[in-house]
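Here is query04.cif, consisting of mmCIF, C-alpha atoms:
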```cif
data_run
#
loop_
_atom_site.label_atom_id
_atom_site.label_comp_id
_atom_site.auth_asym_id
_atom_site.auth_seq_id
_atom_site.Cartn_x
_atom_site.Cartn_y
_atom_site.Cartn_z
CA MET A 762 -21.61 7.02 17.46
CA ALA A 763 -23.15 6.00 20.79
CA ARG A 764 -24.91 3.07 19.14
CA THR A 765 -21.67 1.90 17.49
CA LEU A 766 -19.78 2.24 20.76
CA PHE A 767 -22.46 0.21 22.56
CA ARG A 768 -22.31 -2.58 19.96
CA ASN A 769 -18.52 -2.73 20.19
CA LEU A 770 -18.36 -2.78 23.99
CA ALA A 771 -21.49 -4.68 24.98
CA VAL A 772 -20.09 -8.22 24.66
CA PRO A 773 -16.65 -7.50 26.22
CA VAL A 774 -18.28 -5.71 29.19
CA VAL A 775 -20.73 -8.59 29.77
CA ILE A 776 -17.88 -11.12 29.63
CA LEU A 777 -15.77 -9.11 32.11
CA VAL A 778 -18.69 -8.67 34.53
CA LEU A 779 -19.54 -12.40 34.44
CA TRP A 780 -15.87 -13.27 34.83
CA GLN A 781 -15.57 -11.00 37.87
CA LEU A 782 -18.76 -12.37 39.47
CA LEU A 783 -17.70 -15.98 38.94
CA SER A 784 -14.29 -15.25 40.44
CA GLN A 785 -15.76 -13.52 43.50
CA SER A 786 -18.19 -16.37 44.07
CA GLY A 787 -15.34 -18.89 44.13
CA PHE A 788 -16.60 -20.76 41.09
CA ILE A 789 -13.27 -20.03 39.33
CA LYS A 790 -10.12 -20.64 41.35
CA PRO A 791 -7.80 -17.58 41.34
CA VAL A 792 -4.72 -19.72 40.69
CA ILE A 793 -6.33 -21.00 37.48
CA LEU A 794 -7.95 -17.80 36.24
CA PRO A 795 -7.68 -14.65 38.38
CA SER A 796 -10.41 -12.04 38.32
CA PRO A 797 -10.18 -9.05 35.95
CA LEU A 798 -9.62 -6.69 38.88
CA ALA A 799 -6.77 -8.84 40.18
CA ILE A 800 -5.17 -8.88 36.73
CA LEU A 801 -5.56 -5.11 36.44
CA GLU A 802 -3.97 -4.65 39.85
CA ARG A 803 -1.06 -6.90 38.87
CA LEU A 804 -0.62 -5.03 35.59
CA TRP A 805 -0.46 -1.75 37.47
CA THR A 806 2.10 -3.19 39.91
CA TYR A 807 4.08 -4.53 36.94
CA LEU A 808 4.12 -1.02 35.46
CA LEU A 809 5.05 0.91 38.61
CA PRO A 810 8.75 1.65 39.28
CA ALA A 811 10.30 -0.86 41.64
CA GLN A 812 12.11 1.76 43.72
CA THR A 813 11.03 5.07 45.20
CA PHE A 814 12.14 8.31 43.62
CA ALA A 815 14.25 9.12 46.70
CA GLU A 816 16.21 5.89 46.31
CA SER A 817 16.96 6.50 42.63
CA ALA A 818 19.73 8.58 41.08
CA GLY A 819 17.24 10.63 39.07
CA PHE A 820 14.03 10.53 37.06
CA SER A 821 15.37 8.22 34.34
CA ASP A 822 16.76 5.78 36.90
CA TRP A 823 13.42 5.83 38.73
CA ILE A 824 11.20 5.35 35.68
CA TRP A 825 13.35 2.58 34.18
CA SER A 826 13.16 0.61 37.39
CA SER A 827 9.67 -0.34 36.19
CA GLU A 828 9.78 -4.02 35.34
CA LEU A 829 7.20 -3.65 32.55
CA LEU A 830 8.95 -0.75 30.84
CA SER A 831 12.34 -2.47 30.94
CA ASP A 832 10.80 -5.65 29.50
CA LEU A 833 9.01 -3.69 26.76
CA VAL A 834 12.22 -1.95 25.74
CA ALA A 835 14.19 -5.23 25.75
CA SER A 836 11.60 -6.97 23.55
CA MET A 837 11.28 -4.02 21.16
CA ARG A 838 15.06 -3.74 20.78
CA ARG A 839 15.29 -7.39 19.78
CA VAL A 840 12.35 -7.07 17.39
CA LEU A 841 13.82 -4.05 15.63
CA LEU A 842 17.31 -5.56 15.35
CA GLY A 843 16.02 -8.91 14.09
CA PHE A 844 13.60 -7.26 11.67
CA ALA A 845 16.34 -4.99 10.33
CA VAL A 846 18.56 -8.00 9.63
CA GLY A 847 15.80 -10.13 8.10
CA ALA A 848 14.21 -7.40 5.98
CA GLY A 849 17.61 -6.00 5.03
CA LEU A 850 18.57 -9.34 3.50
CA ALA A 851 15.15 -10.18 2.03
CA LEU A 852 14.49 -6.90 0.22
CA PRO A 853 17.46 -6.88 -2.21
CA LEU A 854 17.22 -10.64 -2.68
CA GLY A 855 13.51 -10.37 -3.47
CA LEU A 856 14.07 -7.55 -5.95
CA LEU A 857 16.78 -9.58 -7.67
CA MET A 858 14.71 -12.76 -7.80
CA GLY A 859 11.70 -10.85 -9.06
CA THR A 860 13.53 -9.14 -11.91
CA ASP A 861 15.88 -11.93 -12.98
CA ARG A 862 14.15 -15.20 -13.91
CA ARG A 863 17.40 -17.15 -14.15
CA PHE A 864 18.52 -16.04 -10.70
CA GLU A 865 15.07 -16.91 -9.34
CA ALA A 866 15.24 -20.37 -10.94
CA TYR A 867 18.43 -21.16 -8.99
CA LEU A 868 17.27 -19.88 -5.58
CA ASN A 869 13.56 -20.63 -5.60
CA PRO A 870 13.90 -24.36 -4.71
CA VAL A 871 15.98 -23.47 -1.65
CA VAL A 872 13.56 -20.71 -0.61
CA GLN A 873 10.51 -22.95 -1.00
CA PHE A 874 12.25 -25.70 0.98
CA LEU A 875 13.19 -23.44 3.91
CA ARG A 876 10.05 -21.30 3.99
CA PRO A 877 7.69 -23.86 5.62
CA ILE A 878 10.13 -24.51 8.47
CA PRO A 879 8.93 -22.39 11.44
CA PRO A 880 11.53 -20.22 13.21
CA ILE A 881 10.84 -22.14 16.43
CA ALA A 882 12.37 -25.26 14.85
CA TYR A 883 15.70 -23.39 14.66
CA ILE A 884 15.87 -22.87 18.44
CA PRO A 885 18.26 -25.80 19.19
CA LEU A 886 20.59 -24.74 16.38
CA ALA A 887 20.38 -21.08 17.40
CA ILE A 888 21.44 -21.94 20.96
CA LEU A 889 24.14 -24.29 19.68
CA TRP A 890 25.55 -21.67 17.29
CA PHE A 891 25.12 -18.49 19.33
CA GLY A 892 24.75 -19.63 22.93
CA LEU A 893 22.32 -17.75 25.17
CA GLY A 894 21.40 -14.08 25.16
CA ASP A 895 20.42 -11.69 22.39
CA PRO A 896 22.25 -13.28 19.38
CA PRO A 897 20.07 -16.42 19.14
CA ALA A 898 16.91 -14.37 19.68
CA ILE A 899 17.87 -11.90 16.94
CA PHE A 900 18.73 -14.81 14.64
CA LEU A 901 15.28 -16.38 15.15
CA ILE A 902 13.51 -13.04 14.69
CA SER A 903 15.39 -12.35 11.47
CA ILE A 904 14.24 -15.71 10.08
CA GLY A 905 10.65 -14.88 11.02
CA ALA A 906 10.84 -11.52 9.24
CA PHE A 907 12.83 -12.72 6.23
CA PHE A 908 10.32 -14.82 4.30
CA PRO A 909 7.25 -12.52 4.42
CA VAL A 910 9.33 -9.64 3.07
CA LEU A 911 11.03 -11.86 0.47
CA ILE A 912 7.84 -13.45 -0.91
CA ASN A 913 5.89 -10.19 -1.02
CA THR A 914 8.77 -8.39 -2.73
CA ILE A 915 9.00 -11.08 -5.43
CA THR A 916 5.22 -10.99 -5.90
CA GLY A 917 5.23 -7.21 -6.14
CA VAL A 918 7.90 -7.15 -8.83
CA ARG A 919 6.16 -9.91 -10.80
CA ASN A 920 2.78 -8.11 -10.65
CA VAL A 921 3.96 -4.82 -12.12
CA ASP A 922 1.43 -3.85 -14.81
CA SER A 923 2.85 -4.62 -18.25
CA ILE A 924 1.37 -1.35 -19.53
CA TYR A 925 3.85 0.58 -17.39
CA VAL A 926 6.75 -1.51 -18.66
CA ARG A 927 5.77 -1.09 -22.32
CA ALA A 928 5.22 2.63 -21.90
CA ALA A 929 8.63 3.10 -20.29
CA THR A 930 10.26 0.98 -23.02
CA ASN A 931 8.63 3.07 -25.75
CA LEU A 932 9.94 6.20 -24.06
CA GLY A 933 13.48 4.82 -24.22
CA ALA A 934 14.01 3.88 -20.57
CA ASP A 935 17.11 1.76 -19.98
CA ARG A 936 17.21 -1.21 -17.55
CA MET A 937 18.25 0.82 -14.50
CA THR A 938 15.69 3.56 -15.17
CA MET A 939 13.01 0.94 -15.69
CA PHE A 940 13.84 -0.60 -12.31
CA ARG A 941 14.13 2.68 -10.42
CA ARG A 942 11.21 4.60 -11.93
CA VAL A 943 8.72 1.85 -12.82
CA ILE A 944 9.29 -1.52 -11.12
CA LEU A 945 10.31 -0.33 -7.66
CA PRO A 946 7.44 2.19 -7.20
CA ALA A 947 4.87 -0.27 -8.55
CA ALA A 948 6.11 -3.02 -6.21
CA THR A 949 6.24 -0.75 -3.15
CA PRO A 950 2.70 -1.61 -1.88
CA TYR A 951 3.60 -5.31 -1.86
CA VAL A 952 6.93 -4.63 -0.19
CA LEU A 953 5.32 -2.56 2.58
CA THR A 954 2.68 -5.23 3.11
CA GLY A 955 5.44 -7.81 3.46
CA MET A 956 7.19 -5.60 6.01
CA ARG A 957 3.99 -5.23 7.99
CA ILE A 958 3.54 -9.00 8.08
CA GLY A 959 7.24 -9.50 8.77
CA ILE A 960 7.37 -7.24 11.81
CA GLY A 961 4.22 -8.90 13.15
CA THR A 962 5.86 -12.30 12.76
CA ALA A 963 9.04 -10.96 14.37
CA PHE A 964 7.04 -9.87 17.39
CA ILE A 965 5.54 -13.36 17.73
CA VAL A 966 8.96 -15.01 17.46
CA VAL A 967 10.59 -12.72 20.04
CA ILE A 968 8.15 -13.87 22.73
CA VAL A 969 9.04 -17.52 22.08
CA ALA A 970 12.77 -16.76 21.91
CA GLU A 971 12.67 -14.86 25.21
CA MET A 972 11.10 -17.84 26.91
CA ILE A 973 14.14 -19.97 26.05
CA ALA A 974 17.32 -18.05 25.31
CA VAL A 975 17.33 -14.79 27.31
CA ASN A 976 16.64 -13.52 30.83
CA SER A 977 14.70 -10.34 30.07
CA GLY A 978 11.73 -9.24 28.02
CA LEU A 979 8.02 -9.98 28.03
CA GLY A 980 8.38 -13.64 27.08
CA TYR A 981 10.91 -14.27 29.86
CA ARG A 982 8.69 -12.55 32.41
CA ILE A 983 5.65 -14.67 31.48
CA LEU A 984 7.70 -17.86 31.80
CA GLU A 985 9.02 -16.69 35.16
CA ALA A 986 5.47 -16.00 36.37
CA ARG A 987 4.37 -19.46 35.27
CA GLU A 988 7.09 -21.09 37.36
CA TYR A 989 5.78 -19.29 40.47
CA MET A 990 2.13 -19.91 39.44
CA TRP A 991 1.41 -16.18 39.22
CA SER A 992 -1.51 -16.52 36.84
CA ASP A 993 -2.43 -12.86 37.19
CA LYS A 994 1.05 -11.81 36.07
CA VAL A 995 0.96 -14.26 33.15
CA ILE A 996 -2.26 -12.68 31.88
CA ALA A 997 -0.96 -9.19 32.63
CA GLY A 998 2.06 -9.97 30.45
CA MET A 999 -0.23 -11.27 27.72
CA ILE A 1000 -2.21 -8.01 27.86
CA ALA A 1001 1.03 -6.03 27.57
CA ILE A 1002 2.02 -8.13 24.54
CA GLY A 1003 -1.36 -7.53 22.91
CA LEU A 1004 -1.20 -3.77 23.48
CA LEU A 1005 2.38 -3.53 22.20
CA GLY A 1006 1.55 -5.65 19.15
CA LEU A 1007 -1.47 -3.47 18.42
CA ALA A 1008 0.63 -0.32 18.74
CA ILE A 1009 3.26 -1.74 16.36
CA ASP A 1010 0.65 -2.73 13.77
CA VAL A 1011 -1.13 0.64 13.94
CA GLY A 1012 2.19 2.48 13.64
CA VAL A 1013 3.36 0.41 10.67
CA ASN A 1014 -0.04 0.79 8.98
CA ARG A 1015 0.10 4.57 9.33
CA VAL A 1016 3.61 4.69 7.92
CA ASN A 1017 2.46 2.55 4.98
CA ASN A 1018 -0.51 4.82 4.32
CA HIS A 1019 1.76 7.86 4.45
CA LEU A 1020 4.25 6.35 2.01
CA LEU A 1021 1.44 5.23 -0.32
CA ARG A 1022 -0.42 8.54 -0.52
CA TRP A 1023 0.15 8.47 -4.28
CA HIS A 1024 -1.35 5.01 -4.64
CA ARG A 1025 -4.96 4.84 -5.72
CA GLY A 1026 -7.33 3.80 -3.02
CA ILE A 1027 -5.32 5.57 -0.29
CA GLU A 1028 -6.65 8.98 0.64
CA SER A 1029 -4.07 11.59 1.53
#
```

Please re-express this file's structure in structure tokens.
Amino acid sequence: MARTLFRNLAVPVVILVLWQLLSQSGFIKPVILPSPLAILERLWTYLLPAQTFAESAGFSDWIWSSELLSDLVASMRRVLLGFAVGAGLALPLGLLMGTDRRFEAYLNPVVQFLRPIPPIAYIPLAILWFGLGDPPAIFLISIGAFFPVLINTITGVRNVDSIYVRAATNLGADRMTMFRRVILPAATPYVLTGMRIGIGTAFIVVIVAEMIAVNSGLGYRILEAREYMWSDKVIAGMIAIGLLGLAIDVGVNRVNNHLLRWHRGIES
């Protein structure tokens, strides 16, 4: 375990030490790339509540005066709302397109035409249609989450093993039973994979949307720091984004593993 830990940490530690030494020596200008200690100090300041406990109305008011926590909550709220809209539309549509070839033939050209267009390209239209604030951000996030869930759901339904379908048919399963007891469970791993990719994409899109359409959240705070040339706060915000994204991915992966305990290859 010690050897594995050393291999995993050796290169990052060497990079951080060299970075710190170069910053202290003046070789790297702080305004361009602050030292690791300066970034850590800024991250800690970003996390601390802005007001003292005596000035606040209570513990909740004190803790939520933290700029970082309020930005994290604002970004997560937009991600969850946008993902719920995008996945909520993509899942039934993907199941329908996967099971009905005629329906898929009508919609597939439109889907394949819209899918390569990045959500960022919709920003002018989103602002034109919804103005500023949460609605355009949620709209962009829902687009980012929609296509991964849709495509993976269609693929999952199409890749159901024909042995299962023939066995259920021989046992007298009707169309609804076939869908509920065979197709949907067999496609679930693909659907959950699409949701994992979709929520990751939604998290990427929310940062871009917050830099343009809203005045809160991690993306907005990074853009604000850039305008004042606070490089340490920009990198501190990037670290917060990375940690939050990692936490989201780990959480979604654990939920997927829990839901797929029955699936071969996943240990309970």

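Taking atom CA of A:Ile902 and atom CA of A:Gly917 as endpoints, the distance between them is 23.2 Å.
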
Residue members of the PyMOL selection byres ((chain A and resi 946) around 12) in the file shown, as number ranges by chain: A: 856, 914, 917-918, 920-922, 925, 938-945, 947-953, 1020-1021, 1023-1024

Residues as selected, C-alpha atoms, written as a PDB file, keeping the file's coordinate frame, can you do that?
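Result file result-v9.pdb:
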```pdb
ATOM      1  CA  LEU A 856      14.070  -7.550  -5.950  1.00  0.00           C
ATOM      2  CA  THR A 914       8.770  -8.390  -2.730  1.00  0.00           C
ATOM      3  CA  GLY A 917       5.230  -7.210  -6.140  1.00  0.00           C
ATOM      4  CA  VAL A 918       7.900  -7.150  -8.830  1.00  0.00           C
ATOM      5  CA  ASN A 920       2.780  -8.110 -10.650  1.00  0.00           C
ATOM      6  CA  VAL A 921       3.960  -4.820 -12.120  1.00  0.00           C
ATOM      7  CA  ASP A 922       1.430  -3.850 -14.810  1.00  0.00           C
ATOM      8  CA  TYR A 925       3.850   0.580 -17.390  1.00  0.00           C
ATOM      9  CA  THR A 938      15.690   3.560 -15.170  1.00  0.00           C
ATOM     10  CA  MET A 939      13.010   0.940 -15.690  1.00  0.00           C
ATOM     11  CA  PHE A 940      13.840  -0.600 -12.310  1.00  0.00           C
ATOM     12  CA  ARG A 941      14.130   2.680 -10.420  1.00  0.00           C
ATOM     13  CA  ARG A 942      11.210   4.600 -11.930  1.00  0.00           C
ATOM     14  CA  VAL A 943       8.720   1.850 -12.820  1.00  0.00           C
ATOM     15  CA  ILE A 944       9.290  -1.520 -11.120  1.00  0.00           C
ATOM     16  CA  LEU A 945      10.310  -0.330  -7.660  1.00  0.00           C
ATOM     17  CA  ALA A 947       4.870  -0.270  -8.550  1.00  0.00           C
ATOM     18  CA  ALA A 948       6.110  -3.020  -6.210  1.00  0.00           C
ATOM     19  CA  THR A 949       6.240  -0.750  -3.150  1.00  0.00           C
ATOM     20  CA  PRO A 950       2.700  -1.610  -1.880  1.00  0.00           C
ATOM     21  CA  TYR A 951       3.600  -5.310  -1.860  1.00  0.00           C
ATOM     22  CA  VAL A 952       6.930  -4.630  -0.190  1.00  0.00           C
ATOM     23  CA  LEU A 953       5.320  -2.560   2.580  1.00  0.00           C
ATOM     24  CA  LEU A1020       4.250   6.350   2.010  1.00  0.00           C
ATOM     25  CA  LEU A1021       1.440   5.230  -0.320  1.00  0.00           C
ATOM     26  CA  TRP A1023       0.150   8.470  -4.280  1.00  0.00           C
ATOM     27  CA  HIS A1024      -1.350   5.010  -4.640  1.00  0.00           C
TER      28      HIS A1024
END
```

Let me know the residues the PyMOL selection byres ((chain A and resi 975) around 12) catches in the file above, as JSON, numbers by chain. {"A": [832, 835, 836, 839, 888, 891, 892, 893, 894, 895, 896, 897, 898, 899, 967, 968, 969, 970, 971, 972, 973, 974, 976, 977, 978, 979, 980, 981, 982, 984, 985]}

Counting only C-alpha atoms, which residues in stretch 810-876 of chain A sit no more than 12 Å from stretch 1003-1011 of chain A? For each one, give the nearest pair of atoms and the distance in Å, sorted by chain then residue number, as CSV.
```
residue,atom,partner,partner_atom,distance
A:Leu829,CA,A:Leu1005,CA,11.4
A:Leu830,CA,A:Leu1005,CA,11.2
A:Asp832,CA,A:Leu1005,CA,11.3
A:Leu833,CA,A:Leu1005,CA,8.0
A:Val834,CA,A:Leu1005,CA,10.6
A:Ser836,CA,A:Leu1005,CA,9.9
A:Met837,CA,A:Leu1005,CA,9.0
A:Val840,CA,A:Ile1009,CA,10.6
A:Leu841,CA,A:Ile1009,CA,10.8
```

How big is the axis-aligned box, and where does its centre sit, when it encloses all atoms of stretch 906-913 of chain A listed in the file and has 5 Å added on every side, reported in Å to one decimal as AutoDock Vina command-line options?
```
--center_x 9.4 --center_y -12.2 --center_z 4.1 --size_x 16.9 --size_y 15.2 --size_z 20.3
```

Q.
Set the distance at 9 Å and use all atoms listed in the file: which residues neighbour stretch 799-806 of chain A once local chain neighbours fewer than 2 positions away are removed? I'd like the list as a PyMOL selection string.
A. chain A and resi 791+795-797+808-811+827-829+992-998+1000-1001

Could the residues in this selection be written to a file with C-alpha atoms, as a PDB file, in the coordinates of the input?
```
ATOM      1  CA  PRO A 791      -7.800 -17.580  41.340  1.00  0.00           C
ATOM      2  CA  PRO A 795      -7.680 -14.650  38.380  1.00  0.00           C
ATOM      3  CA  SER A 796     -10.410 -12.040  38.320  1.00  0.00           C
ATOM      4  CA  PRO A 797     -10.180  -9.050  35.950  1.00  0.00           C
ATOM      5  CA  LEU A 808       4.120  -1.020  35.460  1.00  0.00           C
ATOM      6  CA  LEU A 809       5.050   0.910  38.610  1.00  0.00           C
ATOM      7  CA  PRO A 810       8.750   1.650  39.280  1.00  0.00           C
ATOM      8  CA  ALA A 811      10.300  -0.860  41.640  1.00  0.00           C
ATOM      9  CA  SER A 827       9.670  -0.340  36.190  1.00  0.00           C
ATOM     10  CA  GLU A 828       9.780  -4.020  35.340  1.00  0.00           C
ATOM     11  CA  LEU A 829       7.200  -3.650  32.550  1.00  0.00           C
ATOM     12  CA  SER A 992      -1.510 -16.520  36.840  1.00  0.00           C
ATOM     13  CA  ASP A 993      -2.430 -12.860  37.190  1.00  0.00           C
ATOM     14  CA  LYS A 994       1.050 -11.810  36.070  1.00  0.00           C
ATOM     15  CA  VAL A 995       0.960 -14.260  33.150  1.00  0.00           C
ATOM     16  CA  ILE A 996      -2.260 -12.680  31.880  1.00  0.00           C
ATOM     17  CA  ALA A 997      -0.960  -9.190  32.630  1.00  0.00           C
ATOM     18  CA  GLY A 998       2.060  -9.970  30.450  1.00  0.00           C
ATOM     19  CA  ILE A1000      -2.210  -8.010  27.860  1.00  0.00           C
ATOM     20  CA  ALA A1001       1.030  -6.030  27.570  1.00  0.00           C
TER      21      ALA A1001
END
```

Between atom CA of A:Ile878 and atom CA of A:Arg863 lies a distance of 24.9 Å

Starting from the PyMOL selection byres ((chain A and resi 845-848) around 7), expand the selection into actual residues of this file and give them as a PyMOL selection string.
chain A and resi 841-844+849-852+903-904+906-907+910

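By chain and then residue number, the residues within 12 Å of A:Val778 are Ala771, Val772, Ser784, Gln785, Ser796, Pro797 and Leu798 of chain A, counting all atoms listed in the file and disregarding those fewer than 6 positions away in sequence.
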
Shortest contact to A:Leu854, candidates A:Gly961, A:Gln873, A:Leu886, A:Leu911, atoms counted all atoms listed in the file, goes to A:Leu911

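Atom CA of A:Ala963 is positioned 11.4 Å from atom CA of A:Arg838.
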
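Using only C-alpha atoms, the shortest contact distance between A:Pro880 and any of A:Val775, A:Val926, A:Ile965, A:Ile915 is found at A:Ile965.
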
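Closest to A:Ala882 among A:Val966, A:Asp822, A:Met762, A:Pro909 is A:Val966, based on only C-alpha atoms.
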